[in-house]
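Visitor: Here you go, one structure.
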Amino acid sequence: MEYGELMKMAVTARQSAYMPYSHFAVGAALLCSDGSVYTGSNIENAAFTPTVCAERVAFFKAVSEGKRGFAAIAVAGGKEGEAPDALVAPCGVCRQVMMEFAFPKTFDIILAGSSENLQVYKLSEILPLGFGPENLGR
């Protein structure tokens, strides 16, 4: 799958966001190694701590259905009702979840400020010296 198409899926996923407090909608589209795609959107909570980011929603949906191989994730975010206009990178917790399930040197993270401006990073670039399963002997 081309990354531009994956980003379009992330932008579409923003429509399902539940963000009554921040009014900041984020969508993610996770490309599995087998070519399947799982999407997610951010889900806020009045207590804030239970809020879940779009990236984790996508990963947890995929893992809960037995997926274990992942190639890339596209992330798009911006103000409610507006098109994404700036890069929105995964938070630290989402990066740690990615570290659990993806290979940091090969897993791509696609960000875009607009549909013409895709930027691709490896997980190892945005989470240097990450702690993962191999640190625990797996």
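By order of appearance in the structure tokens: chains A, B, ..., then residues from 1 within every chain, and ligands from 1 in the order shown.
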Among chain A, which residues carry a DSSP assignment of strand (DSSP E or B), reported as an NGL selection string?

Guide: :A and (18 or 24-32 or 37-41 or 43 or 52 or 70-79 or 108-112 or 118-122)

Visitor: Quick one: residues within 6 Å of range 104-120 of chain A, only C-alpha atoms counted, chain neighbours fewer than 5 positions away excluded, as an MDAnalysis selection string?

Guide: chainID A and resid 71:75 84:87

Visitor: So what do you get for CA of Gly69 in chain A versus CA of Val97 in chain A, distance-wise?

Guide: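 Spanning CA of Gly69 in chain A to CA of Val97 in chain A is a straight-line distance of 13.5 Å.
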
Visitor: My list of candidates is A:Gly77, A:Glu82, A:Ala25, A:Gly92. Which is closest to Arg56 in chain A when distances are computed with only C-alpha atoms?

Guide: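 Closest residue, counting only C-alpha atoms: A:Gly92.
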
Visitor: Give me, as a Markdown table, each residue of range 2-26 of chain A that comes within 6 Å of range 40-44 of chain A, together with its shortest interatomic pair and the distance in Å at one decimal, counting only C-alpha atoms, with rows ordered by chain and rising residue number.

Guide:
```
| residue | atom | partner | partner_atom | distance |
| --- | --- | --- | --- | --- |
| A:Ala13 | CA | A:Ser41 | CA | 5.8 |
| A:Arg14 | CA | A:Ser41 | CA | 5.6 |
| A:Ala17 | CA | A:Ser41 | CA | 4.8 |
| A:Tyr18 | CA | A:Ile43 | CA | 4.8 |
| A:Met19 | CA | A:Glu44 | CA | 5.3 |
| A:Val26 | CA | A:Ser41 | CA | 5.6 |
```

Visitor: With C-alpha atoms kept, could you save the residues just selected as an mmCIF file, in the first residue's frame?

Guide:
```
data_model
loop_
_atom_site.group_PDB
_atom_site.id
_atom_site.type_symbol
_atom_site.label_atom_id
_atom_site.label_comp_id
_atom_site.auth_asym_id
_atom_site.auth_seq_id
_atom_site.Cartn_x
_atom_site.Cartn_y
_atom_site.Cartn_z
ATOM 1 C CA ALA A 13 -10.394 7.952 10.915
ATOM 2 C CA ARG A 14 -10.362 11.397 12.570
ATOM 3 C CA ALA A 17 -12.709 10.847 17.292
ATOM 4 C CA TYR A 18 -14.366 11.531 20.635
ATOM 5 C CA MET A 19 -12.686 14.740 21.810
ATOM 6 C CA VAL A 26 -6.430 12.448 15.682
#
```

Visitor: Write out as a ChimeraX atom specification each polymer residue whose atoms come within 7 Å of Thr39 in chain A, counting only C-alpha atoms; drop sequence neighbours fewer than 3 positions from it.

Guide: /A:10,13,28-30,58

Visitor: From the list A:Leu136, A:Val11, A:Ala89, A:Ala46, which residue is nearest Tyr121 in chain A when using only C-alpha atoms?

Guide: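 Once distances to Tyr121 in chain A are computed over only C-alpha atoms, the minimum belongs to A:Ala89.
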
Visitor: Of the candidates A:Pro128, A:Leu6, A:Gly27, A:Asn135, which one gets nearest to Lys79 in chain A if we count only C-alpha atoms?

Guide: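 Answer, going by the shortest atom-to-atom distance: A:Gly27.
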
Visitor: Which value, in Å to one decimal, gives the distance between CA of Tyr38 in chain A and CA of Tyr3 in chain A?

Guide: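 Taking CA of Tyr38 in chain A and CA of Tyr3 in chain A, their separation equals 14.1 Å.
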
Visitor: Could you please write out, as a ChimeraX atom specification, every residue of range 9-129 of chain A that DSSP assigns to alpha helix (DSSP H)?

Guide: /A:9-13,54-64,92-101,123-126

Visitor: Extract, using only C-alpha atoms, all DNA, RNA and protein residues at most 12 Å from Gly130 in chain A, discarding same-chain residues fewer than 4 positions from it, and format them as a list in words.

Guide: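 That gives Gly92, Val93, Arg95, Gln96, Val97, Met98, Met99, Glu100, Ala102, Phe103, Pro104, Lys105, Leu123, Ser124, Glu125, Ile126, Glu134 and Asn135 of chain A.
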